[in-house]
>>> print(open('model_8.cif').read())   # mmCIF, C-alpha atoms, pLDDT in the B column; chains and numbers go by the auth columns
data_coords
#
loop_
_atom_site.group_PDB
_atom_site.id
_atom_site.type_symbol
_atom_site.label_atom_id
_atom_site.label_comp_id
_atom_site.label_asym_id
_atom_site.label_seq_id
_atom_site.Cartn_x
_atom_site.Cartn_y
_atom_site.Cartn_z
_atom_site.B_iso_or_equiv
_atom_site.auth_seq_id
_atom_site.auth_asym_id
ATOM 1 C CA MET A 1 23.572 39.080 -9.208 47.00 1 A
ATOM 2 C CA SER A 2 21.150 41.644 -10.646 51.00 2 A
ATOM 3 C CA THR A 3 21.426 45.084 -12.121 74.00 3 A
ATOM 4 C CA LEU A 4 20.590 46.799 -8.839 89.00 4 A
ATOM 5 C CA HIS A 5 23.041 49.435 -7.629 94.00 5 A
ATOM 6 C CA ARG A 6 24.545 47.964 -4.467 95.00 6 A
ATOM 7 C CA GLU A 7 26.660 49.568 -1.782 97.00 7 A
ATOM 8 C CA PRO A 8 28.195 48.361 1.478 98.00 8 A
ATOM 9 C CA ALA A 9 25.289 48.198 3.936 98.00 9 A
ATOM 10 C CA THR A 10 27.347 49.799 6.691 95.00 10 A
ATOM 11 C CA LYS A 11 27.794 52.869 4.469 96.00 11 A
ATOM 12 C CA ARG A 12 24.039 53.287 3.897 97.00 12 A
ATOM 13 C CA PRO A 13 22.364 53.059 7.313 96.00 13 A
ATOM 14 C CA ASP A 14 19.508 55.164 5.917 97.00 14 A
ATOM 15 C CA LEU A 15 18.427 52.094 3.924 98.00 15 A
ATOM 16 C CA LEU A 16 18.206 49.833 6.984 98.00 16 A
ATOM 17 C CA ALA A 17 15.765 49.445 9.858 98.00 17 A
ATOM 18 C CA GLU A 18 17.286 50.430 13.201 98.00 18 A
ATOM 19 C CA PRO A 19 17.553 46.822 14.516 98.00 19 A
ATOM 20 C CA VAL A 20 19.372 45.821 11.307 98.00 20 A
ATOM 21 C CA ARG A 21 21.798 48.760 11.617 97.00 21 A
ATOM 22 C CA GLN A 22 22.534 47.736 15.200 97.00 22 A
ATOM 23 C CA ALA A 23 22.971 44.055 14.318 97.00 23 A
ATOM 24 C CA LEU A 24 25.448 44.884 11.554 97.00 24 A
ATOM 25 C CA ALA A 25 27.369 47.126 13.968 96.00 25 A
ATOM 26 C CA ASP A 26 27.536 44.232 16.445 95.00 26 A
ATOM 27 C CA LEU A 27 28.910 41.745 13.892 95.00 27 A
ATOM 28 C CA PRO A 28 32.663 41.363 13.363 95.00 28 A
ATOM 29 C CA ALA A 29 33.780 43.976 10.805 95.00 29 A
ATOM 30 C CA ASP A 30 34.800 41.358 8.231 96.00 30 A
ATOM 31 C CA THR A 31 31.342 39.748 8.414 96.00 31 A
ATOM 32 C CA ALA A 32 29.454 43.065 8.307 96.00 32 A
ATOM 33 C CA ALA A 33 31.496 44.006 5.232 97.00 33 A
ATOM 34 C CA LEU A 34 29.896 41.102 3.348 98.00 34 A
ATOM 35 C CA PHE A 35 26.456 42.766 3.461 98.00 35 A
ATOM 36 C CA GLU A 36 25.500 44.988 0.546 98.00 36 A
ATOM 37 C CA VAL A 37 22.300 47.017 0.242 98.00 37 A
ATOM 38 C CA ALA A 38 20.351 48.182 -2.798 97.00 38 A
ATOM 39 C CA GLU A 39 17.613 50.784 -2.779 96.00 39 A
ATOM 40 C CA ILE A 40 14.417 49.625 -4.502 95.00 40 A
ATOM 41 C CA ASP A 41 10.948 50.910 -5.254 94.00 41 A
ATOM 42 C CA PRO A 42 8.834 49.766 -2.251 94.00 42 A
ATOM 43 C CA ALA A 43 6.280 48.465 -4.755 92.00 43 A
ATOM 44 C CA LEU A 44 8.911 45.836 -5.662 90.00 44 A
ATOM 45 C CA ALA A 45 9.470 44.655 -2.080 91.00 45 A
ATOM 46 C CA ASP A 46 7.483 41.488 -2.788 91.00 46 A
ATOM 47 C CA THR A 47 9.948 38.766 -3.757 91.00 47 A
ATOM 48 C CA GLU A 48 8.266 37.716 -6.982 91.00 48 A
ATOM 49 C CA ALA A 49 7.930 41.319 -8.187 92.00 49 A
ATOM 50 C CA LEU A 50 11.583 42.056 -7.397 92.00 50 A
ATOM 51 C CA CYS A 51 12.833 38.884 -9.058 91.00 51 A
ATOM 52 C CA ARG A 52 10.759 39.575 -12.154 92.00 52 A
ATOM 53 C CA ALA A 53 11.832 43.242 -12.384 91.00 53 A
ATOM 54 C CA PHE A 54 15.551 42.528 -11.994 91.00 54 A
ATOM 55 C CA ASP A 55 15.775 39.015 -13.429 90.00 55 A
ATOM 56 C CA LEU A 56 16.839 37.520 -10.088 91.00 56 A
ATOM 57 C CA PRO A 57 16.528 33.742 -9.705 93.00 57 A
ATOM 58 C CA LEU A 58 14.026 32.749 -6.999 92.00 58 A
ATOM 59 C CA GLU A 59 16.525 30.359 -5.411 93.00 59 A
ATOM 60 C CA ALA A 60 18.907 33.292 -4.810 93.00 60 A
ATOM 61 C CA SER A 61 16.224 35.189 -2.930 96.00 61 A
ATOM 62 C CA ALA A 62 15.277 34.175 0.598 96.00 62 A
ATOM 63 C CA ASN A 63 12.091 34.972 2.478 96.00 63 A
ATOM 64 C CA CYS A 64 11.938 35.442 6.220 96.00 64 A
ATOM 65 C CA VAL A 65 8.705 34.631 8.000 95.00 65 A
ATOM 66 C CA LEU A 66 8.048 34.985 11.695 97.00 66 A
ATOM 67 C CA VAL A 67 6.192 32.223 13.473 97.00 67 A
ATOM 68 C CA THR A 68 4.918 31.798 16.993 96.00 68 A
ATOM 69 C CA GLY A 69 4.610 28.429 18.633 96.00 69 A
ATOM 70 C CA LYS A 70 2.683 27.710 21.803 95.00 70 A
ATOM 71 C CA ARG A 71 3.088 25.049 24.448 93.00 71 A
ATOM 72 C CA ALA A 72 1.423 25.057 27.868 92.00 72 A
ATOM 73 C CA GLY A 73 0.655 28.763 27.543 90.00 73 A
ATOM 74 C CA GLU A 74 4.246 29.679 26.686 93.00 74 A
ATOM 75 C CA LEU A 75 4.805 31.565 23.418 94.00 75 A
ATOM 76 C CA ARG A 76 7.926 30.695 21.416 95.00 76 A
ATOM 77 C CA PRO A 77 8.690 33.057 18.540 96.00 77 A
ATOM 78 C CA ALA A 78 11.136 32.214 15.759 97.00 78 A
ATOM 79 C CA ALA A 79 12.207 33.349 12.322 97.00 79 A
ATOM 80 C CA VAL A 80 12.260 30.975 9.373 98.00 80 A
ATOM 81 C CA LEU A 81 14.449 31.736 6.341 98.00 81 A
ATOM 82 C CA VAL A 82 13.856 29.748 3.171 97.00 82 A
ATOM 83 C CA GLN A 83 14.610 30.231 -0.504 96.00 83 A
ATOM 84 C CA ALA A 84 11.802 31.905 -2.426 95.00 84 A
ATOM 85 C CA SER A 85 11.711 28.885 -4.739 95.00 85 A
ATOM 86 C CA ARG A 86 10.809 26.599 -1.808 95.00 86 A
ATOM 87 C CA ARG A 87 8.283 26.381 1.032 94.00 87 A
ATOM 88 C CA ALA A 88 9.198 25.781 4.654 95.00 88 A
ATOM 89 C CA ASP A 89 7.540 22.899 6.465 95.00 89 A
ATOM 90 C CA ILE A 90 6.203 25.019 9.324 96.00 90 A
ATOM 91 C CA ASN A 91 3.658 22.509 10.649 94.00 91 A
ATOM 92 C CA ASN A 92 6.096 19.627 10.996 95.00 92 A
ATOM 93 C CA VAL A 93 9.809 20.483 10.977 96.00 93 A
ATOM 94 C CA VAL A 94 9.587 23.943 12.543 97.00 94 A
ATOM 95 C CA ARG A 95 6.905 22.947 15.062 96.00 95 A
ATOM 96 C CA ARG A 96 8.934 19.929 16.220 96.00 96 A
ATOM 97 C CA HIS A 97 12.177 21.913 16.374 96.00 97 A
ATOM 98 C CA LEU A 98 10.530 24.532 18.616 96.00 98 A
ATOM 99 C CA ASP A 99 8.897 21.745 20.657 96.00 99 A
ATOM 100 C CA VAL A 100 5.440 23.303 20.468 96.00 100 A
ATOM 101 C CA ARG A 101 1.985 21.840 20.051 94.00 101 A
ATOM 102 C CA LYS A 102 0.578 24.685 17.953 95.00 102 A
ATOM 103 C CA ILE A 103 2.333 27.013 15.535 97.00 103 A
ATOM 104 C CA SER A 104 1.161 29.843 13.341 96.00 104 A
ATOM 105 C CA PHE A 105 2.482 32.736 11.331 96.00 105 A
ATOM 106 C CA THR A 106 2.898 35.771 13.544 96.00 106 A
ATOM 107 C CA ALA A 107 0.258 38.429 12.849 95.00 107 A
ATOM 108 C CA SER A 108 1.657 41.372 10.885 94.00 108 A
ATOM 109 C CA GLU A 109 1.031 43.899 13.689 96.00 109 A
ATOM 110 C CA GLU A 110 2.806 41.674 16.211 95.00 110 A
ATOM 111 C CA ALA A 111 5.641 40.913 13.787 95.00 111 A
ATOM 112 C CA THR A 112 6.381 44.566 13.110 96.00 112 A
ATOM 113 C CA ALA A 113 6.081 45.585 16.758 96.00 113 A
ATOM 114 C CA ALA A 114 8.328 42.774 17.997 94.00 114 A
ATOM 115 C CA SER A 115 10.938 43.087 15.243 96.00 115 A
ATOM 116 C CA GLY A 116 11.060 46.872 14.828 96.00 116 A
ATOM 117 C CA MET A 117 10.890 46.270 11.073 97.00 117 A
ATOM 118 C CA GLU A 118 8.369 46.973 8.325 96.00 118 A
ATOM 119 C CA TYR A 119 6.051 44.208 7.195 93.00 119 A
ATOM 120 C CA GLY A 120 7.356 42.959 3.860 91.00 120 A
ATOM 121 C CA GLY A 121 10.931 43.845 4.806 95.00 121 A
ATOM 122 C CA ILE A 122 11.454 41.655 7.880 97.00 122 A
ATOM 123 C CA THR A 123 14.835 39.972 7.939 97.00 123 A
ATOM 124 C CA PRO A 124 16.607 37.605 10.351 97.00 124 A
ATOM 125 C CA VAL A 125 19.360 40.204 10.820 97.00 125 A
ATOM 126 C CA GLY A 126 18.513 42.236 13.906 96.00 126 A
ATOM 127 C CA LEU A 127 15.710 40.187 15.408 96.00 127 A
ATOM 128 C CA PRO A 128 15.498 40.049 19.213 94.00 128 A
ATOM 129 C CA ALA A 129 18.397 38.067 20.721 89.00 129 A
ATOM 130 C CA GLY A 130 16.247 35.267 22.139 89.00 130 A
ATOM 131 C CA TRP A 131 14.608 34.396 18.843 94.00 131 A
ATOM 132 C CA PRO A 132 15.883 31.325 17.048 96.00 132 A
ATOM 133 C CA VAL A 133 16.572 31.857 13.354 97.00 133 A
ATOM 134 C CA LEU A 134 15.877 28.640 11.474 98.00 134 A
ATOM 135 C CA VAL A 135 17.682 28.692 8.132 98.00 135 A
ATOM 136 C CA ASP A 136 16.924 26.196 5.391 97.00 136 A
ATOM 137 C CA GLU A 137 20.030 24.369 4.225 97.00 137 A
ATOM 138 C CA GLY A 138 19.366 25.528 0.665 96.00 138 A
ATOM 139 C CA VAL A 139 19.949 29.158 1.694 97.00 139 A
ATOM 140 C CA VAL A 140 23.459 28.525 3.001 97.00 140 A
ATOM 141 C CA THR A 141 24.541 26.784 -0.198 97.00 141 A
ATOM 142 C CA GLU A 142 23.744 29.814 -2.378 97.00 142 A
ATOM 143 C CA PRO A 143 26.764 31.963 -3.306 97.00 143 A
ATOM 144 C CA GLU A 144 24.616 35.023 -2.609 97.00 144 A
ATOM 145 C CA VAL A 145 21.081 35.620 -1.361 97.00 145 A
ATOM 146 C CA CYS A 146 18.808 38.622 -1.481 97.00 146 A
ATOM 147 C CA ILE A 147 16.963 39.204 1.817 97.00 147 A
ATOM 148 C CA GLY A 148 14.978 41.967 3.471 97.00 148 A
ATOM 149 C CA SER A 149 16.657 44.955 5.077 98.00 149 A
ATOM 150 C CA GLY A 150 13.995 45.686 7.667 97.00 150 A
ATOM 151 C CA VAL A 151 12.377 48.277 5.391 98.00 151 A
ATOM 152 C CA ARG A 152 10.459 47.877 2.138 96.00 152 A
ATOM 153 C CA ARG A 153 12.612 50.332 0.187 96.00 153 A
ATOM 154 C CA SER A 154 15.790 48.267 0.084 97.00 154 A
ATOM 155 C CA LYS A 155 17.194 44.731 -0.018 97.00 155 A
ATOM 156 C CA LEU A 156 20.323 43.166 1.437 98.00 156 A
ATOM 157 C CA PHE A 157 22.666 40.916 -0.541 97.00 157 A
ATOM 158 C CA VAL A 158 24.975 38.549 1.324 98.00 158 A
ATOM 159 C CA PRO A 159 26.717 35.192 0.809 98.00 159 A
ATOM 160 C CA GLY A 160 24.267 32.457 1.803 97.00 160 A
ATOM 161 C CA HIS A 161 26.619 30.845 4.304 98.00 161 A
ATOM 162 C CA VAL A 162 26.522 34.032 6.422 98.00 162 A
ATOM 163 C CA MET A 163 22.842 33.407 7.202 97.00 163 A
ATOM 164 C CA GLY A 164 23.759 30.109 8.832 96.00 164 A
ATOM 165 C CA GLU A 165 26.423 31.855 10.905 95.00 165 A
ATOM 166 C CA LEU A 166 24.129 34.431 12.532 93.00 166 A
ATOM 167 C CA PRO A 167 24.344 34.275 16.337 90.00 167 A
ATOM 168 C CA THR A 168 20.989 32.507 16.870 93.00 168 A
ATOM 169 C CA ALA A 169 20.880 30.570 13.580 96.00 169 A
ATOM 170 C CA THR A 170 20.314 26.861 13.191 97.00 170 A
ATOM 171 C CA VAL A 171 20.583 25.309 9.748 98.00 171 A
ATOM 172 C CA LEU A 172 17.930 22.655 9.086 96.00 172 A
ATOM 173 C CA GLN A 173 16.258 20.902 6.186 95.00 173 A
ATOM 174 C CA LEU A 174 13.127 23.047 6.323 94.00 174 A
ATOM 175 C CA ALA A 175 11.859 22.974 2.762 87.00 175 A
ATOM 176 C CA LEU A 176 9.109 20.707 1.563 78.00 176 A
#
>>> encode(input="model_8.cif", output="structure tokens")
Amino acid sequence: MSTLHREPATKRPDLLAEPVRQALADLPADTAALFEVAEIDPALADTEALCRAFDLPLEASANCVLVTGKRAGELRPAAVLVQASRRADINNVVRRHLDVRKISFTASEEATAASGMEYGGITPVGLPAGWPVLVDEGVVTEPEVCIGSGVRRSKLFVPGHVMGELPTATVLQLAL
């Protein structure tokens, strides 16, 4: 996929946010070896701009959004990973799965502080251990997906099924 120059992510820690570097180091070596990283112009960090610039199909690119649900004063954060060609049903499927009454997208300042990643580069790889990662079933069926690397100046490429195998991942039908 794409004309981007890709390298093993474990060989280019300078292109990864610290939590992502640590998460890859904590994965089994054979799984970590499946992650490749490509340096990009930060102006192309937006999914549509990247896909247009490098002729990447939207369905092979996955967006990660952080949400926060609330029930009886308790906050329940989660990550939602869905193909760029689809929209996640946050208000129904995700809200019910988290068993919360209210749910909203996490504010950018809170998202970056909690994740240790740059806004626009947030990825499910390396999020805090207690956060559920809800992965749309369409992501895991893709032979390869392009996701954030924790920073805006690079992207990760990995087989889709790996996203469903992350330690806190749950695969659901999330897309509308």
>>> resolve_selection(input="model_8.cif", expression="the PyMOL selection byres ((chain A and resi 3) around 10)", output="ChimeraX atom specification")
/A:1-2,4-6,38,53-56
>>> resolve_selection(input="model_8.cif", expression="the PyMOL selection byres ((chain A and resi 58-72) around 8)", output="PyMOL selection string")
chain A and resi 47-48+51+56-57+73-86+95+98-106+111+122-124+139+142+144-148
>>> residues_around(input="model_8.cif", residues="A:Tyr119", least_positions_apart="6", cutoff="8 Å", atoms="all atoms listed in the file", output="number ranges by chain")
A: 108, 111-112, 151-152
>>> closest_residue(input="model_8.cif", among="A:Gly120, A:Gly126, A:Pro167, A:Pro42", to="A:Ala17", atoms="all atoms listed in the file")
A:Gly126
>>> residues_around(input="model_8.cif", residues="A:Val140", least_positions_apart="2", cutoff="10 Å", atoms="all atoms listed in the file", output="number ranges by chain")
A: 82-83, 135-138, 142-145, 159-165, 171
>>> closest_residue(input="model_8.cif", among="A:Val94, A:Ala29, A:Ala113, A:Val125", to="A:Lys155", atoms="all atoms listed in the file")
A:Val125
>>> closest_residue(input="model_8.cif", among="A:Ile40, A:Val158, A:Met117, A:Ile90", to="A:Ala9", atoms="all atoms listed in the file")
A:Val158
>>> atom_distance(input="model_8.cif", atom1="atom CA of A:Pro13", atom2="atom CA of A:Leu134")
25.6 Å
>>> closest_residue(input="model_8.cif", among="A:Pro8, A:Gly121, A:Pro132, A:Gly116", to="A:His97", atoms="all atoms listed in the file")
A:Pro132
>>> resolve_selection(input="model_8.cif", expression="the PyMOL selection byres ((chain A and resi 168) around 8)", output="PyMOL selection string")
chain A and resi 129-133+166-167+169-170
>>> atom_distance(input="model_8.cif", atom1="atom CA of A:Ala88", atom2="atom CA of A:Phe35")
24.2 Å
>>> closest_residue(input="model_8.cif", among="A:Asp30, A:Asp14, A:Glu7, A:Glu36", to="A:Phe157", atoms="all atoms listed in the file")
A:Glu36
>>> closest_residue(input="model_8.cif", among="A:Thr141, A:Pro19, A:Thr10, A:Ala45", to="A:Ala114", atoms="only C-alpha atoms")
A:Pro19
>>> atom_distance(input="model_8.cif", atom1="atom CA of A:Ser149", atom2="atom CA of A:Ala107")
19.3 Å
